[in-house]
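Okay, input.tsv is below, TSV, C-alpha atoms:
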```tsv
chain	number	residue	atom	x	y	z
A	1	MET	CA	23.12	24.31	8.31
A	2	SER	CA	26.59	25.85	8.67
A	3	TRP	CA	28.40	26.60	11.91
A	4	ALA	CA	28.07	30.35	11.29
A	5	THR	CA	24.31	30.26	10.76
A	6	THR	CA	23.91	28.25	13.96
A	7	TYR	CA	26.15	30.15	16.36
A	8	LEU	CA	26.43	33.64	14.86
A	9	THR	CA	22.77	34.57	14.80
A	10	LEU	CA	21.75	37.58	16.89
A	11	PRO	CA	19.89	35.50	19.53
A	12	ALA	CA	22.85	33.11	19.79
A	13	LEU	CA	25.27	36.01	20.27
A	14	ILE	CA	23.12	37.46	23.07
A	15	ALA	CA	22.85	34.01	24.65
A	16	GLY	CA	26.65	33.79	24.44
A	17	ALA	CA	26.88	37.11	26.27
A	18	VAL	CA	24.65	35.66	29.02
A	19	VAL	CA	26.97	32.65	29.41
A	20	ALA	CA	30.08	34.86	29.32
A	21	SER	CA	28.62	37.07	32.07
A	22	LEU	CA	27.77	33.99	34.13
A	23	ASN	CA	31.31	32.70	33.56
A	24	ILE	CA	32.85	35.96	34.80
A	25	TYR	CA	30.47	35.99	37.77
A	26	ALA	CA	31.66	32.51	38.72
A	27	LEU	CA	35.31	33.56	38.45
A	28	THR	CA	34.86	36.70	40.55
A	29	ALA	CA	31.87	36.51	42.89
A	30	GLY	CA	32.15	32.72	42.92
A	31	ALA	CA	35.58	33.02	44.50
A	32	ASP	CA	34.13	35.46	47.05
A	33	PHE	CA	31.53	32.83	48.02
A	34	GLY	CA	34.31	30.27	48.24
A	35	GLY	CA	36.13	32.61	50.60
A	36	GLY	CA	33.08	32.49	52.83
A	37	VAL	CA	33.29	28.70	52.87
A	38	TRP	CA	36.89	28.88	54.08
A	39	ASP	CA	35.88	31.51	56.62
A	40	LEU	CA	33.42	28.97	58.01
A	41	LEU	CA	36.08	26.21	58.00
A	42	ALA	CA	38.96	28.33	59.33
A	43	SER	CA	40.89	26.33	61.91
A	44	GLY	CA	44.19	25.94	63.69
A	45	GLU	CA	46.43	28.47	65.36
A	46	ARG	CA	46.21	30.75	62.30
A	47	ARG	CA	42.41	30.74	62.18
A	48	ASP	CA	42.04	34.48	62.81
A	49	ARG	CA	44.75	35.31	60.29
A	50	GLN	CA	43.06	33.10	57.69
A	51	ARG	CA	39.81	35.00	58.17
A	52	ALA	CA	41.62	38.33	58.05
A	53	LEU	CA	43.23	37.38	54.72
A	54	ILE	CA	39.85	36.34	53.30
A	55	ALA	CA	38.27	39.64	54.38
A	56	GLU	CA	41.18	41.63	52.97
A	57	ALA	CA	40.92	39.81	49.64
A	58	ILE	CA	37.15	40.25	49.30
A	59	ALA	CA	36.58	43.74	50.72
A	60	PRO	CA	37.62	46.03	47.82
A	61	ILE	CA	35.79	44.25	45.01
A	62	TRP	CA	32.90	42.08	46.25
A	63	GLU	CA	30.15	44.59	45.45
A	64	ALA	CA	31.48	45.26	41.95
A	65	ASN	CA	31.52	41.54	41.14
A	66	HIS	CA	27.72	41.35	41.29
A	67	VAL	CA	27.43	43.58	38.23
A	68	TRP	CA	27.83	40.41	36.15
A	69	LEU	CA	24.82	38.75	37.77
A	70	ILE	CA	22.79	41.91	37.12
A	71	LEU	CA	23.90	41.74	33.48
A	72	VAL	CA	22.74	38.11	33.25
A	73	VAL	CA	19.28	39.03	34.56
A	74	VAL	CA	18.92	42.11	32.31
A	75	LEU	CA	19.97	40.20	29.19
A	76	LEU	CA	17.59	37.34	29.96
A	77	PHE	CA	14.45	39.38	30.56
A	78	THR	CA	15.16	41.76	27.65
A	79	ALA	CA	16.33	39.29	25.02
A	80	PHE	CA	14.42	36.14	26.02
A	81	PRO	CA	11.24	37.17	27.89
A	82	PRO	CA	9.39	33.81	27.60
A	83	ALA	CA	12.40	31.97	29.04
A	84	PHE	CA	12.78	34.55	31.79
A	85	ALA	CA	9.10	34.21	32.72
A	86	GLN	CA	9.31	30.41	32.81
A	87	LEU	CA	12.46	30.40	34.95
A	88	MET	CA	11.25	33.05	37.38
A	89	THR	CA	7.92	31.26	37.83
A	90	VAL	CA	8.97	27.63	38.20
A	91	LEU	CA	12.21	28.37	40.08
A	92	HIS	CA	10.97	31.23	42.23
A	93	ILE	CA	11.79	29.38	45.47
A	94	PRO	CA	15.52	28.68	44.90
A	95	LEU	CA	15.95	32.02	43.12
A	96	SER	CA	14.43	33.92	46.03
A	97	LEU	CA	16.56	31.99	48.51
A	98	MET	CA	19.67	32.68	46.42
A	99	LEU	CA	18.97	36.41	46.34
A	100	LEU	CA	18.32	36.33	50.08
A	101	GLY	CA	21.68	34.62	50.53
A	102	ILE	CA	23.44	37.31	48.46
A	103	VAL	CA	21.85	40.07	50.56
A	104	LEU	CA	22.57	38.36	53.89
A	105	ARG	CA	26.15	37.62	52.90
A	106	GLY	CA	26.86	41.21	51.88
A	107	SER	CA	25.11	42.68	54.90
A	108	ALA	CA	26.88	40.36	57.32
A	109	PHE	CA	30.26	41.10	55.74
A	110	THR	CA	29.67	44.85	56.10
A	111	PHE	CA	28.33	44.67	59.66
A	112	ARG	CA	31.19	42.42	60.72
A	113	SER	CA	33.61	45.06	59.47
A	114	TYR	CA	31.95	48.06	61.15
A	115	ASP	CA	29.95	46.73	64.11
A	116	SER	CA	31.29	46.24	67.62
A	117	ARG	CA	34.57	44.30	67.87
A	118	ARG	CA	33.22	42.18	70.74
A	119	ASP	CA	33.77	38.48	70.12
A	120	SER	CA	30.07	37.62	70.40
A	121	VAL	CA	29.10	40.23	67.80
A	122	GLN	CA	31.89	39.21	65.42
A	123	ARG	CA	30.96	35.53	65.73
A	124	ARG	CA	27.30	36.28	64.97
A	125	TRP	CA	28.03	38.22	61.79
A	126	GLY	CA	30.75	35.73	60.86
A	127	ARG	CA	28.33	32.80	61.06
A	128	ILE	CA	25.73	34.59	58.91
A	129	PHE	CA	28.40	35.54	56.37
A	130	ALA	CA	29.79	32.01	56.17
A	131	ILE	CA	26.42	30.21	56.04
A	132	ALA	CA	25.07	32.56	53.35
A	133	SER	CA	28.32	32.15	51.38
A	134	THR	CA	27.86	28.38	51.48
A	135	ALA	CA	24.14	28.25	50.70
A	136	THR	CA	24.17	30.71	47.78
A	137	PRO	CA	26.46	28.79	45.37
A	138	LEU	CA	24.66	25.58	46.31
A	139	LEU	CA	21.39	27.20	45.21
A	140	LEU	CA	22.94	28.69	42.07
A	141	GLY	CA	24.22	25.30	40.95
A	142	THR	CA	20.88	23.67	41.80
A	143	ILE	CA	19.09	26.19	39.58
A	144	LEU	CA	21.41	25.50	36.63
A	145	GLY	CA	21.09	21.77	37.18
A	146	ALA	CA	17.29	21.98	37.26
A	147	ILE	CA	17.28	23.83	33.93
A	148	ALA	CA	19.50	21.17	32.36
A	149	THR	CA	17.12	18.33	33.33
A	150	GLY	CA	14.29	19.80	31.26
A	151	ALA	CA	11.90	19.62	34.20
A	152	VAL	CA	11.65	23.41	34.42
A	153	GLY	CA	10.74	23.88	30.76
A	154	ALA	CA	8.25	21.01	30.87
A	155	GLN	CA	6.21	22.57	33.67
A	156	ARG	CA	2.75	23.80	32.69
A	157	PRO	CA	1.08	24.43	36.08
A	158	THR	CA	-2.71	24.10	36.04
A	159	ALA	CA	-5.45	24.37	38.62
A	160	VAL	CA	-5.05	20.68	39.47
A	161	THR	CA	-1.25	20.73	39.70
A	162	SER	CA	0.06	20.52	43.23
A	163	PHE	CA	2.41	23.23	44.45
A	164	ALA	CA	5.16	20.69	45.25
A	165	SER	CA	5.09	19.04	41.83
A	166	ALA	CA	5.12	22.38	39.97
A	167	TYR	CA	7.54	24.44	42.04
A	168	VAL	CA	9.59	22.08	44.22
A	169	ALA	CA	10.09	18.80	42.35
A	170	PRO	CA	11.84	20.37	39.30
A	171	TRP	CA	14.82	21.47	41.38
A	172	LEU	CA	14.71	19.21	44.43
A	173	SER	CA	16.07	16.08	42.79
A	174	PRO	CA	19.46	14.32	42.80
A	175	PHE	CA	20.99	15.84	39.65
A	176	PRO	CA	20.28	19.53	40.45
A	177	ILE	CA	21.47	19.04	44.03
A	178	ALA	CA	24.65	17.36	42.76
A	179	VAL	CA	25.28	20.30	40.41
A	180	GLY	CA	24.76	22.61	43.40
A	181	ALA	CA	27.39	20.65	45.32
A	182	LEU	CA	29.72	20.91	42.32
A	183	ALA	CA	29.31	24.70	42.24
A	184	LEU	CA	30.05	24.87	45.97
A	185	VAL	CA	33.27	22.83	45.86
A	186	LEU	CA	34.34	24.51	42.62
A	187	PHE	CA	34.00	27.98	44.18
A	188	ALA	CA	35.83	26.79	47.29
A	189	PHE	CA	38.64	25.47	45.08
A	190	LEU	CA	38.80	28.74	43.16
A	191	ALA	CA	38.93	30.79	46.36
A	192	ALA	CA	41.67	28.67	47.89
A	193	VAL	CA	43.80	28.99	44.75
A	194	TYR	CA	43.26	32.76	44.61
A	195	LEU	CA	44.18	33.06	48.29
A	196	THR	CA	47.50	31.30	47.74
A	197	VAL	CA	48.37	34.22	45.44
A	198	GLU	CA	46.92	36.83	47.79
A	199	ALA	CA	48.83	35.60	50.85
A	200	THR	CA	52.15	37.22	51.64
A	201	ASP	CA	52.92	34.90	54.55
A	202	ASP	CA	54.33	31.47	53.70
A	203	ALA	CA	52.42	29.73	56.49
A	204	LEU	CA	49.08	31.16	55.34
A	205	ARG	CA	49.91	30.36	51.75
A	206	ASP	CA	50.53	26.75	52.69
A	207	ASP	CA	47.24	26.63	54.63
A	208	PHE	CA	45.30	27.54	51.50
A	209	ARG	CA	47.50	25.40	49.28
A	210	VAL	CA	46.41	22.34	51.27
A	211	ARG	CA	42.77	23.47	51.10
A	212	ALA	CA	43.06	23.98	47.35
A	213	LEU	CA	44.46	20.48	46.83
A	214	TRP	CA	41.73	18.83	48.90
A	215	SER	CA	38.99	20.85	47.22
A	216	ALA	CA	40.41	19.92	43.79
A	217	VAL	CA	39.94	16.27	44.73
A	218	ALA	CA	36.40	17.08	45.91
A	219	VAL	CA	35.66	18.77	42.56
A	220	ALA	CA	36.76	15.62	40.70
A	221	VAL	CA	34.63	13.32	42.88
A	222	VAL	CA	31.50	15.47	42.67
A	223	ALA	CA	31.97	15.98	38.89
A	224	ILE	CA	31.96	12.19	38.41
A	225	ILE	CA	28.74	11.94	40.45
A	226	VAL	CA	27.16	14.69	38.34
A	227	LEU	CA	28.13	12.88	35.15
A	228	ILE	CA	26.66	9.58	36.39
A	229	LEU	CA	23.38	11.25	37.39
A	230	ALA	CA	23.21	13.14	34.08
A	231	ARG	CA	22.71	9.89	32.19
A	232	SER	CA	19.24	9.42	33.67
A	233	GLU	CA	18.22	12.99	34.55
A	234	ALA	CA	19.90	15.34	32.05
A	235	SER	CA	20.26	13.63	28.69
A	236	LEU	CA	21.46	16.76	26.89
A	237	VAL	CA	24.37	17.16	29.29
A	238	TRP	CA	25.15	13.44	29.16
A	239	GLN	CA	25.28	13.39	25.34
A	240	ALA	CA	27.31	16.60	25.19
A	241	LEU	CA	29.94	15.15	27.52
A	242	THR	CA	30.07	11.58	26.20
A	243	VAL	CA	29.16	11.51	22.50
A	244	GLY	CA	31.36	12.68	19.64
A	245	ASN	CA	34.83	14.09	19.10
A	246	LEU	CA	34.01	17.44	20.66
A	247	ALA	CA	32.92	15.72	23.87
A	248	MET	CA	36.12	13.70	23.96
A	249	ALA	CA	38.22	16.83	23.38
A	250	LEU	CA	36.36	18.64	26.15
A	251	ARG	CA	36.86	15.77	28.62
A	252	ILE	CA	40.55	15.43	27.81
A	253	THR	CA	41.14	19.19	28.03
A	254	ALA	CA	39.23	19.57	31.30
A	255	THR	CA	41.05	16.62	32.85
A	256	ALA	CA	44.43	17.92	31.71
A	257	VAL	CA	43.73	21.40	33.08
A	258	ALA	CA	42.50	20.03	36.42
A	259	LEU	CA	45.59	17.86	36.79
A	260	GLY	CA	47.73	20.81	35.74
A	261	ALA	CA	46.20	22.94	38.49
A	262	MET	CA	46.93	20.26	41.09
A	263	PHE	CA	50.48	19.80	39.82
A	264	ALA	CA	51.08	23.56	39.94
A	265	LEU	CA	49.79	23.66	43.51
A	266	TRP	CA	51.98	20.73	44.44
A	267	ARG	CA	55.00	22.54	42.98
A	268	ARG	CA	53.91	25.79	44.64
A	269	SER	CA	53.56	27.55	41.27
A	270	TYR	CA	50.60	29.56	42.52
A	271	ARG	CA	50.08	31.91	39.59
A	272	ALA	CA	50.14	28.98	37.17
A	273	ALA	CA	47.61	27.21	39.40
A	274	ARG	CA	45.38	30.29	39.28
A	275	ILE	CA	45.44	30.32	35.47
A	276	ALA	CA	44.59	26.62	35.37
A	277	ALA	CA	41.75	27.09	37.88
A	278	VAL	CA	40.25	29.90	35.80
A	279	ILE	CA	40.39	27.74	32.67
A	280	GLU	CA	38.85	24.78	34.51
A	281	VAL	CA	35.87	26.80	35.75
A	282	SER	CA	35.41	28.33	32.29
A	283	LEU	CA	35.48	24.93	30.59
A	284	ILE	CA	32.80	23.62	32.95
A	285	THR	CA	30.60	26.69	32.39
A	286	TRP	CA	30.86	26.63	28.61
A	287	GLY	CA	30.61	22.85	28.47
A	288	TRP	CA	27.24	23.08	30.22
A	289	ALA	CA	26.06	25.87	27.90
A	290	LEU	CA	27.19	24.28	24.64
A	291	GLY	CA	25.83	20.92	25.75
A	292	GLN	CA	22.41	22.47	26.20
A	293	PHE	CA	22.51	24.57	23.00
A	294	PRO	CA	20.27	25.38	21.09
A	295	TYR	CA	17.89	24.97	24.03
A	296	LEU	CA	17.65	27.86	26.43
A	297	VAL	CA	15.12	26.11	28.66
A	298	PRO	CA	14.87	22.45	27.59
A	299	PRO	CA	13.02	20.51	26.33
A	300	GLU	CA	11.20	22.91	23.98
A	301	MET	CA	12.30	26.54	24.42
A	302	THR	CA	15.25	27.26	22.13
A	303	VAL	CA	17.39	30.37	21.83
A	304	GLN	CA	15.57	31.24	18.61
A	305	SER	CA	12.01	30.52	19.75
A	306	ALA	CA	12.40	32.47	23.02
A	307	ALA	CA	14.10	35.48	21.44
A	308	ALA	CA	12.59	38.96	21.47
A	309	PRO	CA	11.98	40.79	18.15
A	310	ALA	CA	15.06	41.53	16.06
A	311	SER	CA	14.75	45.29	16.64
A	312	THR	CA	14.94	44.73	20.42
A	313	LEU	CA	17.97	42.46	20.09
A	314	GLU	CA	19.77	44.94	17.85
A	315	LEU	CA	19.28	47.80	20.32
A	316	LEU	CA	20.27	45.52	23.18
A	317	LEU	CA	23.49	44.52	21.41
A	318	ILE	CA	24.39	48.18	20.84
A	319	ALA	CA	23.68	48.98	24.50
A	320	LEU	CA	25.72	45.94	25.58
A	321	VAL	CA	28.76	46.96	23.56
A	322	ALA	CA	28.53	50.57	24.78
A	323	GLY	CA	28.07	49.45	28.37
A	324	LEU	CA	31.05	47.09	28.25
A	325	ALA	CA	33.17	49.90	26.82
A	326	LEU	CA	32.57	51.74	30.10
A	327	LEU	CA	32.39	48.78	32.46
A	328	ILE	CA	35.58	46.93	31.55
A	329	PRO	CA	37.96	49.92	31.93
A	330	SER	CA	36.23	50.82	35.21
A	331	LEU	CA	36.70	47.33	36.61
A	332	ARG	CA	40.28	47.25	35.35
A	333	TYR	CA	40.97	50.50	37.21
A	334	LEU	CA	39.32	49.11	40.35
A	335	PHE	CA	41.60	46.08	40.30
A	336	LYS	CA	44.62	48.24	39.52
A	337	VAL	CA	43.94	50.38	42.60
A	338	PHE	CA	43.00	47.66	45.08
A	339	LYS	CA	44.71	44.56	43.66
A	340	ALA	CA	48.06	45.92	42.50
A	341	GLY	CA	50.45	43.05	41.94
A	342	TYR	CA	47.68	40.46	42.20
```
Would you mind writing the file's structure down as structure tokens?
Amino acid sequence: MSWATTYLTLPALIAGAVVASLNIYALTAGADFGGGVWDLLASGERRDRQRALIAEAIAPIWEANHVWLILVVVLLFTAFPPAFAQLMTVLHIPLSLMLLGIVLRGSAFTFRSYDSRRDSVQRRWGRIFAIASTATPLLLGTILGAIATGAVGAQRPTAVTSFASAYVAPWLSPFPIAVGALALVLFAFLAAVYLTVEATDDALRDDFRVRALWSAVAVAVVAIIVLILARSEASLVWQALTVGNLAMALRITATAVALGAMFALWRRSYRAARIAAVIEVSLITWGWALGQFPYLVPPEMTVQSAAAPASTLELLLIALVAGLALLIPSLRYLFKVFKAGY
């Protein structure tokens, strides 16, 4: 079977669009969640100024960034209904908690901006915003990690299956939790790097430079833990990252980019660090997806077997192209207005 017949089928193209949307969501909304982490950990004499910079960076675009998560959900339930049903059923607890976190985070951010300026009120909304910003990426990573283990796809709940074994055990295990931790530190790293570019004050820029360097080290440590746990809990991921020339190329490239980001931060080349951080997050996202391919929900449900009828996929692809033709210029204009010079 040729490369083209494997990766250029209609279901594979739609699945690629799902991963691309998830990748963009991580690069945009993921950084917003990371900003919430640094809001929670703001400290020192510039604590209030750090939080003000985070709010200023997030405010114009945070709602628009969630369009990519909506696109992921729409593509999944339209193009791959059996996979969508399996995921929504087995993972309904972490998914519901993640959506709750998204709502609480957005609501708290809005109320903190427009509610009373009293310290007690601001602290209350600030705590909700920061905690929700921390919990949500942890849950998102846990969900992706649970899918990679194959435990979600293997679930066939029956009348004798306990609730815990069917709906808790698949995601509450070491590997999914480690992937959740990786998502959290990765988003914190991304946010800190972005904020070094956003800052116009040298002192604030150095604050987030230090945070970016420490979080880059945390990303490396947690990534090693994830890889070790993958050997026993997520064989597809383990093989994709350790076996073959492609795996070696991916490891070398990811390591080089990560070191390049740290070097750029050390040299205070902030825009170069931002480019490297974007590439690093993208490599991790696509490495996970390609490592799992052709399975959409391992160990049995492939991209082909879970796909909707060809007529549905064709109409969906047309709608996707037309929608992106409107969405991308709109988002570009949004950034041009509110992020000029960024």
Using only the atoms of region 11-19 of chain A listed in the file, plus 5 Å on each side, state the axis-aligned box centre and edge lengths in Å rounded to one decimal, as JSON.
```
{"center_x": 23.4, "center_y": 35.1, "center_z": 24.5, "size_x": 17.1, "size_y": 14.8, "size_z": 19.9}
```
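Near Met98 (chain A), within a cut-off of 9 Å and counting only C-alpha atoms, sit the residues Ala132, Ala135, Thr136, Pro137, Leu138, Leu139 and Leu140 of chain A, with same-chain residues fewer than 6 positions away left out.
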Legend entry - Contacts of Tyr295 (chain A) at 12 Å (only C-alpha atoms; same-chain gap of 6+ positions) as a list in words: Pro11, Ala12, Ala15, Phe80, Ala83, Ile147, Ala148, Thr149, Gly150, Gly153, Leu236, Val237, Trp288, Ala289, Met301, Thr302, Val303, Gln304, Ser305, Ala306 and Ala307 of chain A
Legend entry - Gap from CA of Arg127 (chain A) to CA of Asp48 (chain A) - Å, one decimal: 13.9 Å
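Counting only C-alpha atoms, the residue from A:Val168, A:Leu97, A:Ala151, A:Val278 that sits nearest to Glu233 (chain A) is A:Ala151.
Among A:Leu10, A:Ala308, A:Ala256, A:Leu144, the residue with the shortest atom-to-atom distance to Phe77 (chain A), counting only C-alpha atoms, is A:Ala308.
Of the listed residues (A:Ser113, A:Gln239, A:Thr255, A:Gln292), A:Gln239 comes nearest to Leu227 (chain A); the distances count all atoms listed in the file.
Proximity of A:Ala26, A:Ile61, A:Ala31, A:Ala108 to Arg332 (chain A), computed with all atoms listed in the file, is greatest for A:Ile61.
The nearest approach to Leu91 (chain A) among the residues A:Tyr167, A:Trp68, A:Trp125, A:Trp62, with only C-alpha atoms taken into account, belongs to A:Tyr167.
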Inset, instruction - For Val210 (chain A), list every protein, DNA or RNA residue within 10 Å, evaluated using only C-alpha atoms, and leave out those in the same chain fewer than 2 positions away; present the list as number ranges by chain. - result: A: 192-193, 196, 205-208, 212-216, 265-266
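Counting all atoms listed in the file and comparing A:Val103, A:Leu53, A:Leu8, A:Ala154, the residue that lies closest to Thr200 (chain A) is A:Leu53.
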Inset, instruction - Calculate how many Å separate CA of Gly106 (chain A) from CA of Gly30 (chain A), rounding to one decimal. - result: 13.4 Å
Inset, instruction - Determine, counting all atoms listed in the file, which protein, DNA and RNA residues have an atom within 9 Å of an atom of Ile14 (chain A); residues of the same chain fewer than 3 positions away are not included. Present the result as JSON, numbers by chain. - result: {"A": [9, 10, 11, 17, 18, 19, 75, 76, 79, 313, 316, 317]}
Residue completion, region 224-245 of chain A, N, CA, C and O atoms, as a compact mmCIF listing (two decimals), keeping the file's coordinate frame:
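Saved result, selection.txt, follows:
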```
# COMPACT_ATOMS: atom_id res chain seq x y z
N ILE A 224 32.28 13.56 38.85
CA ILE A 224 31.96 12.19 38.41
C ILE A 224 30.53 11.82 38.80
O ILE A 224 29.79 11.22 38.01
N ILE A 225 30.12 12.20 40.01
CA ILE A 225 28.74 11.94 40.45
C ILE A 225 27.74 12.66 39.56
O ILE A 225 26.71 12.09 39.16
N VAL A 226 28.04 13.92 39.23
CA VAL A 226 27.16 14.69 38.34
C VAL A 226 27.03 14.01 36.99
O VAL A 226 25.93 13.88 36.43
N LEU A 227 28.15 13.55 36.45
CA LEU A 227 28.13 12.88 35.15
C LEU A 227 27.30 11.60 35.19
O LEU A 227 26.52 11.32 34.28
N ILE A 228 27.44 10.82 36.25
CA ILE A 228 26.66 9.58 36.39
C ILE A 228 25.16 9.89 36.46
O ILE A 228 24.34 9.24 35.79
N LEU A 229 24.80 10.89 37.26
CA LEU A 229 23.38 11.25 37.39
C LEU A 229 22.82 11.86 36.11
O LEU A 229 21.62 11.74 35.82
N ALA A 230 23.68 12.51 35.32
CA ALA A 230 23.21 13.14 34.08
C ALA A 230 22.65 12.11 33.10
O ALA A 230 21.75 12.43 32.32
N ARG A 231 23.17 10.91 33.15
CA ARG A 231 22.71 9.89 32.19
C ARG A 231 21.21 9.65 32.28
O ARG A 231 20.54 9.46 31.27
N SER A 232 20.67 9.69 33.50
CA SER A 232 19.24 9.42 33.67
C SER A 232 18.40 10.69 33.82
O SER A 232 17.20 10.67 33.53
N GLU A 233 19.01 11.79 34.26
CA GLU A 233 18.22 12.99 34.55
C GLU A 233 18.45 14.16 33.61
O GLU A 233 17.59 15.05 33.52
N ALA A 234 19.59 14.21 32.93
CA ALA A 234 19.90 15.34 32.05
C ALA A 234 20.55 14.81 30.78
O ALA A 234 21.77 14.86 30.61
N SER A 235 19.73 14.31 29.88
CA SER A 235 20.26 13.63 28.69
C SER A 235 21.08 14.55 27.80
O SER A 235 22.05 14.11 27.17
N LEU A 236 20.70 15.83 27.72
CA LEU A 236 21.46 16.76 26.89
C LEU A 236 22.89 16.90 27.40
O LEU A 236 23.85 16.89 26.62
N VAL A 237 23.03 17.04 28.69
CA VAL A 237 24.37 17.16 29.29
C VAL A 237 25.14 15.86 29.10
O VAL A 237 26.33 15.88 28.75
N TRP A 238 24.50 14.73 29.31
CA TRP A 238 25.15 13.44 29.16
C TRP A 238 25.68 13.26 27.73
O TRP A 238 26.84 12.88 27.52
N GLN A 239 24.85 13.55 26.73
CA GLN A 239 25.28 13.39 25.34
C GLN A 239 26.41 14.36 25.00
O GLN A 239 27.35 14.01 24.29
N ALA A 240 26.29 15.60 25.50
CA ALA A 240 27.31 16.60 25.19
C ALA A 240 28.67 16.21 25.74
O ALA A 240 29.71 16.57 25.16
N LEU A 241 28.68 15.48 26.87
CA LEU A 241 29.94 15.15 27.52
C LEU A 241 30.45 13.75 27.18
O LEU A 241 31.57 13.40 27.58
N THR A 242 29.66 12.96 26.46
CA THR A 242 30.07 11.58 26.20
C THR A 242 30.05 11.17 24.73
O THR A 242 30.67 10.17 24.37
N VAL A 243 29.34 11.92 23.90
CA VAL A 243 29.16 11.51 22.50
C VAL A 243 29.90 12.46 21.56
O VAL A 243 29.74 13.67 21.65
N GLY A 244 30.72 11.89 20.68
CA GLY A 244 31.36 12.68 19.64
C GLY A 244 32.77 13.15 19.98
O GLY A 244 33.23 13.06 21.13
N ASN A 245 33.44 13.64 18.95
CA ASN A 245 34.83 14.09 19.10
C ASN A 245 34.95 15.33 19.96
O ASN A 245 35.91 15.48 20.71
```
